[in-house]
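Raw contents of model29.cif, mmCIF, C-alpha atoms:
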data_coords
loop_
_atom_site.group_PDB
_atom_site.id
_atom_site.type_symbol
_atom_site.label_atom_id
_atom_site.label_comp_id
_atom_site.auth_asym_id
_atom_site.auth_seq_id
_atom_site.Cartn_x
_atom_site.Cartn_y
_atom_site.Cartn_z
ATOM 1 C CA MET V 1 -81.727 -40.193 -28.853
ATOM 2 C CA ILE V 2 -85.000 -42.022 -28.496
ATOM 3 C CA GLY V 3 -84.780 -45.727 -29.240
ATOM 4 C CA SER V 4 -88.319 -46.055 -30.569
ATOM 5 C CA LEU V 5 -87.970 -43.078 -32.910
ATOM 6 C CA ALA V 6 -84.664 -44.386 -34.240
ATOM 7 C CA THR V 7 -86.160 -47.843 -34.743
ATOM 8 C CA GLY V 8 -89.124 -46.307 -36.538
ATOM 9 C CA ILE V 9 -86.773 -44.357 -38.814
ATOM 10 C CA ILE V 10 -84.789 -47.505 -39.629
ATOM 11 C CA ILE V 11 -87.941 -49.473 -40.505
ATOM 12 C CA ALA V 12 -89.461 -46.595 -42.507
ATOM 13 C CA SER V 13 -86.203 -46.129 -44.379
ATOM 14 C CA LEU V 14 -86.056 -49.814 -45.270
ATOM 15 C CA VAL V 15 -89.660 -49.627 -46.515
ATOM 16 C CA VAL V 16 -88.832 -46.664 -48.780
ATOM 17 C CA ALA V 17 -85.705 -48.533 -49.945
ATOM 18 C CA LEU V 18 -87.856 -51.534 -50.837
ATOM 19 C CA ILE V 19 -90.323 -49.352 -52.747
ATOM 20 C CA ALA V 20 -87.424 -47.695 -54.592
ATOM 21 C CA LEU V 21 -85.903 -51.085 -55.425
ATOM 22 C CA ILE V 22 -89.205 -52.380 -56.775
ATOM 23 C CA THR V 23 -89.554 -49.178 -58.809
ATOM 24 C CA THR V 24 -86.033 -49.723 -60.176
ATOM 25 C CA ILE V 25 -86.886 -53.275 -61.166
ATOM 26 C CA ARG V 26 -90.129 -52.084 -62.764
ATOM 27 C CA ASN V 27 -88.022 -49.642 -64.807
ATOM 28 C CA ARG V 28 -89.653 -46.437 -63.535
ATOM 29 C CA PRO V 29 -88.096 -43.124 -62.492
ATOM 30 C CA VAL V 30 -88.531 -41.548 -59.056
ATOM 31 C CA GLY V 31 -92.212 -40.881 -58.412
ATOM 32 C CA LEU V 32 -94.338 -39.123 -55.840
ATOM 33 C CA VAL V 33 -94.386 -42.064 -53.408
ATOM 34 C CA GLN V 34 -90.604 -42.072 -53.071
ATOM 35 C CA LEU V 35 -90.455 -38.281 -52.699
ATOM 36 C CA VAL V 36 -93.125 -38.276 -49.983
ATOM 37 C CA GLY V 37 -91.285 -41.130 -48.274
ATOM 38 C CA LEU V 38 -88.014 -39.211 -48.349
ATOM 39 C CA GLY V 39 -89.823 -36.111 -47.084
ATOM 40 C CA LEU V 40 -91.323 -37.942 -44.109
ATOM 41 C CA LEU V 41 -87.938 -39.500 -43.346
ATOM 42 C CA GLU V 42 -86.331 -36.064 -43.449
ATOM 43 C CA VAL V 43 -88.872 -34.685 -40.949
ATOM 44 C CA ALA V 44 -88.316 -37.633 -38.602
ATOM 45 C CA LEU V 45 -84.530 -37.291 -38.919
ATOM 46 C CA LEU V 46 -84.701 -33.566 -38.147
ATOM 47 C CA VAL V 47 -86.813 -34.271 -35.062
ATOM 48 C CA GLN V 48 -84.310 -36.916 -33.993
ATOM 49 C CA ALA V 49 -81.375 -34.547 -34.542
ATOM 50 C CA VAL V 50 -83.019 -31.785 -32.498
ATOM 51 C CA ILE V 51 -83.814 -34.184 -29.636
ATOM 52 C CA ALA V 52 -80.255 -35.547 -29.640
ATOM 53 C CA ILE V 53 -78.671 -32.087 -29.670
ATOM 54 C CA VAL V 54 -80.970 -30.838 -26.903
ATOM 55 C CA LYS V 55 -80.051 -33.867 -24.793
ATOM 56 C CA LEU V 56 -76.340 -33.341 -25.457
ATOM 57 C CA ILE V 57 -76.585 -29.675 -24.488
ATOM 58 C CA SER V 58 -78.539 -30.510 -21.357
ATOM 59 C CA GLY V 59 -75.675 -32.636 -20.112
ATOM 60 C CA VAL V 60 -75.876 -36.177 -21.512
ATOM 61 C CA GLU V 61 -72.327 -37.513 -21.847
ATOM 62 C CA ILE V 62 -71.411 -39.852 -24.692
ATOM 63 C CA GLY V 63 -67.987 -41.172 -25.614
ATOM 64 C CA GLN V 64 -67.388 -39.820 -29.096
ATOM 65 C CA THR V 65 -69.395 -36.630 -29.415
ATOM 66 C CA VAL V 66 -67.654 -35.416 -32.593
ATOM 67 C CA VAL V 67 -68.231 -38.686 -34.452
ATOM 68 C CA PHE V 68 -71.818 -38.728 -33.242
ATOM 69 C CA LEU V 69 -72.482 -35.196 -34.495
ATOM 70 C CA GLY V 70 -70.865 -36.067 -37.837
ATOM 71 C CA TYR V 71 -73.174 -39.038 -38.328
ATOM 72 C CA LEU V 72 -76.139 -36.997 -37.092
ATOM 73 C CA ALA V 73 -75.475 -34.288 -39.681
ATOM 74 C CA SER V 74 -75.085 -36.962 -42.380
ATOM 75 C CA THR V 75 -78.496 -38.471 -41.595
ATOM 76 C CA VAL V 76 -80.178 -35.095 -42.081
ATOM 77 C CA VAL V 77 -78.400 -34.430 -45.369
ATOM 78 C CA ILE V 78 -78.785 -37.843 -47.055
ATOM 79 C CA PRO V 79 -82.550 -37.737 -47.896
ATOM 80 C CA ILE V 80 -82.096 -34.297 -49.492
ATOM 81 C CA PHE V 81 -79.161 -35.392 -51.634
ATOM 82 C CA GLY V 82 -80.903 -38.678 -52.415
ATOM 83 C CA ALA V 83 -83.976 -36.839 -53.675
ATOM 84 C CA TYR V 84 -81.876 -34.372 -55.670
ATOM 85 C CA TRP V 85 -79.564 -36.949 -57.236
ATOM 86 C CA GLY V 86 -82.468 -39.323 -57.869
ATOM 87 C CA MET V 87 -84.586 -36.636 -59.573
ATOM 88 C CA ILE V 88 -81.776 -35.578 -61.944
ATOM 89 C CA GLU V 89 -81.769 -39.045 -63.480
ATOM 90 C CA ARG V 90 -85.227 -39.525 -64.975
ATOM 91 C CA THR V 91 -84.736 -43.237 -65.533
ATOM 92 C CA ARG V 92 -84.941 -46.334 -63.355
ATOM 93 C CA TRP V 93 -81.504 -45.500 -62.003
ATOM 94 C CA GLY V 94 -82.905 -42.443 -60.261
ATOM 95 C CA SER V 95 -84.968 -44.844 -58.170
ATOM 96 C CA GLY V 96 -81.778 -46.834 -57.650
ATOM 97 C CA VAL V 97 -80.160 -43.769 -56.122
ATOM 98 C CA VAL V 98 -83.092 -43.366 -53.703
ATOM 99 C CA ALA V 99 -82.717 -47.040 -52.768
ATOM 100 C CA VAL V 100 -79.028 -46.518 -51.964
ATOM 101 C CA ALA V 101 -79.817 -43.456 -49.848
ATOM 102 C CA CYS V 102 -82.510 -45.339 -47.921
ATOM 103 C CA LEU V 103 -80.182 -48.293 -47.319
ATOM 104 C CA ALA V 104 -77.429 -45.969 -46.094
ATOM 105 C CA LEU V 105 -79.711 -44.314 -43.537
ATOM 106 C CA PRO V 106 -80.391 -47.423 -41.385
ATOM 107 C CA ALA V 107 -76.640 -48.059 -41.223
ATOM 108 C CA LEU V 108 -76.006 -44.520 -39.995
ATOM 109 C CA VAL V 109 -78.910 -44.497 -37.523
ATOM 110 C CA GLY V 110 -77.710 -47.859 -36.220
ATOM 111 C CA ARG V 111 -74.250 -46.390 -35.652
ATOM 112 C CA LEU V 112 -75.855 -43.403 -33.889
ATOM 113 C CA LEU V 113 -77.660 -45.759 -31.512
ATOM 114 C CA GLN V 114 -74.395 -47.622 -30.803
ATOM 115 C CA LEU V 115 -72.528 -44.402 -30.089
ATOM 116 C CA TRP V 116 -75.352 -43.131 -27.900
ATOM 117 C CA GLN V 117 -75.432 -46.258 -25.767
ATOM 118 C CA VAL V 118 -71.772 -45.838 -24.758
ATOM 119 C CA VAL V 119 -72.705 -43.384 -22.065
ATOM 120 C CA GLY V 120 -69.742 -42.309 -19.981
ATOM 121 C CA MET Y 1 -67.944 -15.335 -80.453
ATOM 122 C CA ASP Y 2 -67.235 -13.691 -83.829
ATOM 123 C CA GLY Y 3 -63.996 -15.508 -84.747
ATOM 124 C CA THR Y 4 -65.397 -19.024 -84.963
ATOM 125 C CA PRO Y 5 -68.090 -19.646 -87.529
ATOM 126 C CA LYS Y 6 -68.711 -23.328 -86.811
ATOM 127 C CA PRO Y 7 -68.159 -24.185 -83.129
ATOM 128 C CA SER Y 8 -68.971 -27.520 -81.539
ATOM 129 C CA GLY Y 9 -71.709 -28.743 -83.842
ATOM 130 C CA ALA Y 10 -69.378 -29.312 -86.782
ATOM 131 C CA ASN Y 11 -66.877 -31.208 -84.672
ATOM 132 C CA ALA Y 12 -69.505 -33.504 -83.266
ATOM 133 C CA THR Y 13 -70.840 -34.621 -86.642
ATOM 134 C CA GLU Y 14 -67.317 -34.945 -88.009
ATOM 135 C CA ARG Y 15 -66.208 -37.492 -85.442
ATOM 136 C CA ASN Y 16 -69.219 -39.402 -84.277
ATOM 137 C CA PRO Y 17 -72.924 -38.750 -84.592
ATOM 138 C CA ALA Y 18 -73.591 -40.299 -81.190
ATOM 139 C CA PRO Y 19 -74.259 -37.716 -78.444
ATOM 140 C CA THR Y 20 -71.196 -38.623 -76.412
ATOM 141 C CA THR Y 21 -69.085 -35.483 -76.670
ATOM 142 C CA GLY Y 22 -69.711 -33.724 -73.354
ATOM 143 C CA PRO Y 23 -68.718 -35.408 -70.133
ATOM 144 C CA GLY Y 24 -72.257 -35.139 -68.806
ATOM 145 C CA ALA Y 25 -74.044 -36.267 -71.968
ATOM 146 C CA THR Y 26 -74.031 -40.039 -71.691
ATOM 147 C CA GLY Y 27 -70.843 -40.344 -69.668
ATOM 148 C CA VAL Y 28 -69.880 -42.630 -66.845
ATOM 149 C CA GLY Y 29 -71.738 -40.492 -64.306
ATOM 150 C CA THR Y 30 -75.225 -41.017 -65.753
ATOM 151 C CA GLY Y 31 -77.624 -43.940 -65.910
ATOM 152 C CA PRO Y 32 -76.413 -46.747 -63.637
ATOM 153 C CA GLY Y 33 -73.410 -44.503 -62.994
ATOM 154 C CA ARG Y 34 -75.618 -42.305 -60.817
ATOM 155 C CA VAL Y 35 -76.160 -45.206 -58.431
ATOM 156 C CA LEU Y 36 -72.405 -45.782 -58.316
ATOM 157 C CA VAL Y 37 -71.890 -42.095 -57.565
ATOM 158 C CA ALA Y 38 -74.427 -42.333 -54.727
ATOM 159 C CA VAL Y 39 -72.663 -45.327 -53.171
ATOM 160 C CA TYR Y 40 -69.221 -43.782 -53.567
ATOM 161 C CA ALA Y 41 -70.462 -40.494 -52.122
ATOM 162 C CA PHE Y 42 -71.769 -42.344 -49.080
ATOM 163 C CA PHE Y 43 -68.490 -44.184 -48.620
ATOM 164 C CA SER Y 44 -66.566 -40.923 -49.023
ATOM 165 C CA LEU Y 45 -68.682 -39.495 -46.239
ATOM 166 C CA ALA Y 46 -68.427 -42.506 -43.938
ATOM 167 C CA ALA Y 47 -64.746 -43.270 -44.520
ATOM 168 C CA GLY Y 48 -63.793 -39.596 -44.632
ATOM 169 C CA ALA Y 49 -65.501 -38.739 -41.355
ATOM 170 C CA ARG Y 50 -64.026 -41.788 -39.673
ATOM 171 C CA ALA Y 51 -60.521 -41.093 -40.956
ATOM 172 C CA GLY Y 52 -60.745 -37.435 -40.023
ATOM 173 C CA VAL Y 53 -61.606 -38.222 -36.417
ATOM 174 C CA GLN Y 54 -58.983 -40.990 -36.210
ATOM 175 C CA LEU Y 55 -56.230 -38.770 -37.561
ATOM 176 C CA ALA Y 56 -57.220 -35.820 -35.419
ATOM 177 C CA THR Y 57 -57.561 -37.614 -32.104
ATOM 178 C CA ARG Y 58 -55.808 -41.011 -32.044
ATOM 179 C CA PHE Y 59 -53.200 -40.967 -34.781
ATOM 180 C CA ALA Y 60 -50.394 -42.161 -32.489
ATOM 181 C CA GLU Y 61 -52.269 -45.373 -31.586
ATOM 182 C CA ALA Y 62 -52.047 -46.878 -35.065
ATOM 183 C CA PRO Y 63 -50.409 -44.558 -37.587
ATOM 184 C CA ILE Y 64 -50.359 -47.072 -40.477
ATOM 185 C CA ALA Y 65 -53.959 -48.180 -40.086
ATOM 186 C CA TYR Y 66 -55.227 -44.625 -39.702
ATOM 187 C CA SER Y 67 -53.167 -43.369 -42.643
ATOM 188 C CA LEU Y 68 -54.691 -46.174 -44.690
ATOM 189 C CA SER Y 69 -58.158 -45.123 -43.562
ATOM 190 C CA ALA Y 70 -57.419 -41.622 -44.792
ATOM 191 C CA PHE Y 71 -55.994 -42.972 -48.053
ATOM 192 C CA ALA Y 72 -59.105 -45.111 -48.620
ATOM 193 C CA ALA Y 73 -61.320 -42.116 -47.937
ATOM 194 C CA LEU Y 74 -59.299 -40.076 -50.442
ATOM 195 C CA VAL Y 75 -59.712 -42.759 -53.123
ATOM 196 C CA TYR Y 76 -63.482 -42.782 -52.552
ATOM 197 C CA ILE Y 77 -63.670 -38.992 -52.783
ATOM 198 C CA ILE Y 78 -61.606 -38.943 -55.998
ATOM 199 C CA LEU Y 79 -63.844 -41.648 -57.483
ATOM 200 C CA THR Y 80 -67.016 -39.786 -56.579
ATOM 201 C CA VAL Y 81 -65.798 -36.585 -58.205
ATOM 202 C CA ALA Y 82 -64.326 -38.379 -61.247
ATOM 203 C CA LEU Y 83 -67.605 -40.220 -61.897
ATOM 204 C CA ILE Y 84 -69.690 -37.067 -61.515
ATOM 205 C CA ARG Y 85 -67.411 -35.155 -63.891
ATOM 206 C CA GLY Y 86 -67.215 -38.037 -66.342
ATOM 207 C CA ALA Y 87 -63.434 -38.319 -65.972
ATOM 208 C CA ARG Y 88 -63.350 -41.931 -67.092
ATOM 209 C CA ARG Y 89 -59.587 -42.469 -66.997
ATOM 210 C CA THR Y 90 -59.196 -41.004 -63.498
ATOM 211 C CA ALA Y 91 -62.096 -43.159 -62.326
ATOM 212 C CA LEU Y 92 -60.493 -46.231 -63.895
ATOM 213 C CA VAL Y 93 -57.152 -45.665 -62.160
ATOM 214 C CA ALA Y 94 -58.848 -44.921 -58.834
ATOM 215 C CA CYS Y 95 -60.975 -48.061 -59.177
ATOM 216 C CA LEU Y 96 -57.865 -50.190 -59.772
ATOM 217 C CA ILE Y 97 -56.157 -48.623 -56.743
ATOM 218 C CA GLU Y 98 -59.310 -49.269 -54.718
ATOM 219 C CA LEU Y 99 -59.443 -52.944 -55.749
ATOM 220 C CA THR Y 100 -55.724 -53.394 -55.044
ATOM 221 C CA GLY Y 101 -56.156 -51.690 -51.685
ATOM 222 C CA VAL Y 102 -59.033 -53.910 -50.600
ATOM 223 C CA LEU Y 103 -57.231 -57.079 -51.658
ATOM 224 C CA VAL Y 104 -53.848 -56.164 -50.129
ATOM 225 C CA VAL Y 105 -55.180 -54.711 -46.881
ATOM 226 C CA GLY Y 106 -57.764 -57.492 -46.599
ATOM 227 C CA THR Y 107 -55.105 -60.174 -47.001
ATOM 228 C CA PHE Y 108 -52.711 -58.471 -44.582
ATOM 229 C CA SER Y 109 -55.439 -58.015 -41.978
ATOM 230 C CA LEU Y 110 -56.163 -61.756 -42.086
ATOM 231 C CA PHE Y 111 -52.641 -63.147 -42.138
ATOM 232 C CA MET Y 112 -50.718 -60.395 -40.340
ATOM 233 C CA PRO Y 113 -53.279 -58.858 -37.992
ATOM 234 C CA GLU Y 114 -50.517 -57.223 -35.946
ATOM 235 C CA ALA Y 115 -49.767 -54.965 -38.927
ATOM 236 C CA PHE Y 116 -53.184 -53.330 -38.545
ATOM 237 C CA PRO Y 117 -54.083 -53.109 -34.867
ATOM 238 C CA ARG Y 118 -57.023 -50.868 -35.733
ATOM 239 C CA ALA Y 119 -59.653 -51.620 -38.345
ATOM 240 C CA THR Y 120 -59.788 -49.745 -41.630
ATOM 241 C CA VAL Y 121 -62.548 -49.744 -44.236
ATOM 242 C CA TRP Y 122 -60.575 -52.374 -46.160
ATOM 243 C CA SER Y 123 -59.797 -54.744 -43.266
ATOM 244 C CA THR Y 124 -61.025 -58.326 -43.813
ATOM 245 C CA TYR Y 125 -61.909 -57.317 -47.394
ATOM 246 C CA GLY Y 126 -64.428 -54.770 -46.132
ATOM 247 C CA GLY Y 127 -66.250 -57.312 -43.976
ATOM 248 C CA GLY Y 128 -67.167 -54.603 -41.472
ATOM 249 C CA TYR Y 129 -69.088 -52.875 -44.248
ATOM 250 C CA LEU Y 130 -70.984 -55.918 -45.609
ATOM 251 C CA PHE Y 131 -68.122 -56.502 -48.113
ATOM 252 C CA ILE Y 132 -69.384 -53.545 -50.120
ATOM 253 C CA PRO Y 133 -65.777 -52.205 -50.379
ATOM 254 C CA LEU Y 134 -64.855 -55.464 -52.168
ATOM 255 C CA VAL Y 135 -67.843 -55.542 -54.524
ATOM 256 C CA LEU Y 136 -67.786 -51.824 -55.309
ATOM 257 C CA PRO Y 137 -64.512 -51.643 -57.327
ATOM 258 C CA VAL Y 138 -65.539 -54.731 -59.313
ATOM 259 C CA LEU Y 139 -68.878 -53.124 -60.191
ATOM 260 C CA GLY Y 140 -67.069 -49.851 -60.894
ATOM 261 C CA LEU Y 141 -64.566 -51.483 -63.258
ATOM 262 C CA TYR Y 142 -67.341 -53.433 -64.974
ATOM 263 C CA TRP Y 143 -69.322 -50.240 -65.500
ATOM 264 C CA LEU Y 144 -66.299 -48.271 -66.715
ATOM 265 C CA PHE Y 145 -65.263 -50.981 -69.204
ATOM 266 C CA ARG Y 146 -68.813 -51.473 -70.438
ATOM 267 C CA ASN Y 147 -68.992 -47.736 -70.948
ATOM 268 C CA ARG Y 148 -65.760 -47.661 -72.970
ATOM 269 C CA SER Y 149 -67.454 -47.283 -76.354
ATOM 270 C CA ALA Y 150 -68.972 -44.012 -75.243
ATOM 271 C CA GLY Y 151 -65.638 -42.448 -74.348
#
Structure re-expressed in structure tokens:
Amino acid sequence: MIGSLATGIIIASLVVALIALITTIRNRPVGLVQLVGLGLLEVALLVQAVIAIVKLISGVEIGQTVVFLGYLASTVVIPIFGAYWGMIERTRWGSGVVAVACLALPALVGRLLQLWQVVG
Amino acid sequence: MDGTPKPSGANATERNPAPTTGPGATGVGTGPGRVLVAVYAFFSLAAGARAGVQLATRFAEAPIAYSLSAFAALVYIILTVALIRGARRTALVACLIELTGVLVVGTFSLFMPEAFPRATVWSTYGGGYLFIPLVLPVLGLYWLFRNRSAG
């Protein structure tokens, strides 16, 4: 894990969540801005996952590896499902789904950072 | 195909002209329901993963608390699936169980902390999860009751 990358992901995710919330309030379905945002988040999350796995393989010891990998996999999957589930619903609530996904991500990344810092 | 001259179309107009026949049409899993599904799916994932690891590795430490974690995860999974499939009654029952669970476990965790030496999703009324576990069943029940006319 890289602290700065994780922090960047958390901030970016909150920004996309804010955009999605505003879009929900403005009664609009998921648009290009949200999709691009989710796409960029996905790329960053994939990079983060690869870095974390490489570090784990190369010998970094953390307390709860299984839990960590579970959360790591979840972070990579959430933007995809968020985009899919948000695009099905072509109303404001589709944007609401994207907002939920982008609020869930910071929680997960935060947990990842916690788990990573408990180095044994 | 050849035995039935008038399939679903006749039935629909007979009962109610509103497009509410299929579970996916305007059921509980669409509109605002999609947001509920998203939240429940996330909690299924979070609670399920947590419970799975707890049960697999440290069950003996706190069997009751960890069984409750697994039970909570199961309720979230059932709710997610029920909402997606438009199974309103199943969702309603699961929502009531969820609300009861949060209230009972939350109360026990405050007044009899020794009963739950390890935290579950529902401990302190879901305080470890920004009280979302407490708000969620209320929103769910509100949505399901508001949606009653459609079902």
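A straight line drawn from CA of Ala87 (chain Y) to CA of Gly31 (chain Y) is 15.3 Å long.
Between chain Y and the candidates V:Trp116, V:Ala52, V:Leu21, V:Ile62, the tightest atom-to-atom separation, counting all atoms listed in the file, involves V:Leu21.
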### Task
With a cut-off of 8 Å and counting all atoms listed in the file, select all residues of chain V in contact with chain Y and give the selection as number ranges by chain.
V: 66-67, 70, 74, 82, 85, 89, 91, 93-94, 96-97, 100-101, 104
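Residues in contact with region 106-112 of chain Y at 10 Å, where all atoms listed in the file are counted and same-chain residues fewer than 3 positions away are skipped, are listed as Thr100, Gly101, Val102, Leu103, Ala115, Phe116, Pro117, Arg118, Ala119, Thr120, Val121, Trp122, Ser123, Thr124, Tyr125, Gly126, Gly127 and Leu134 of chain Y.
From CA of Ile10 (chain V) back to CA of Ala107 (chain V), the distance works out to 8.3 Å.
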### Task
Please provide the set of residues having any atom within 10 Å of Ala82 (chain Y), restricted to all atoms listed in the file, with same-chain residues fewer than 4 positions apart removed, written as a ChimeraX atom specification.
/Y:28-29,37,76-78,86-92,94
Quick one: write out the picked residues with C-alpha atoms as a short mmCIF file (atom, residue, chain, number, x, y, z; two decimals), in the coordinates of the input?
data_model
loop_
_atom_site.label_atom_id
_atom_site.label_comp_id
_atom_site.auth_asym_id
_atom_site.auth_seq_id
_atom_site.Cartn_x
_atom_site.Cartn_y
_atom_site.Cartn_z
CA VAL Y 28 -69.88 -42.63 -66.84
CA GLY Y 29 -71.74 -40.49 -64.31
CA VAL Y 37 -71.89 -42.10 -57.56
CA TYR Y 76 -63.48 -42.78 -52.55
CA ILE Y 77 -63.67 -38.99 -52.78
CA ILE Y 78 -61.61 -38.94 -56.00
CA GLY Y 86 -67.22 -38.04 -66.34
CA ALA Y 87 -63.43 -38.32 -65.97
CA ARG Y 88 -63.35 -41.93 -67.09
CA ARG Y 89 -59.59 -42.47 -67.00
CA THR Y 90 -59.20 -41.00 -63.50
CA ALA Y 91 -62.10 -43.16 -62.33
CA LEU Y 92 -60.49 -46.23 -63.90
CA ALA Y 94 -58.85 -44.92 -58.83
#
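One finds CA of Val77 (chain V) at 22.7 Å from CA of Leu130 (chain Y).
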### Query
Residues picked by the PyMOL selection byres ((chain V and resi 43) around 12) here, as a PyMOL selection string?
chain V and resi 5+9+36-42+44-50+75-77+79-80
### Task
Identify all residues satisfying the PyMOL selection byres ((chain V and resi 20) around 8) in the given file; provide them as a count of residues only.
14
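Excluding Gln117 (chain V) and any residue on its chain fewer than 3 positions from it, the residues at most 12 Å away by all atoms listed in the file are Met1, Ile2, Gly3, Val60, Glu61, Ile62, Gly63, Gln64, Thr65, Phe68, Gly110, Arg111, Leu112, Leu113, Gln114 and Gly120 of chain V.
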#### Entry: Nearest candidate to Pro106 (chain V) (options V:Gly59, V:Tyr71, V:Asn27, V:Gly86; using all atoms listed in the file)
V:Tyr71
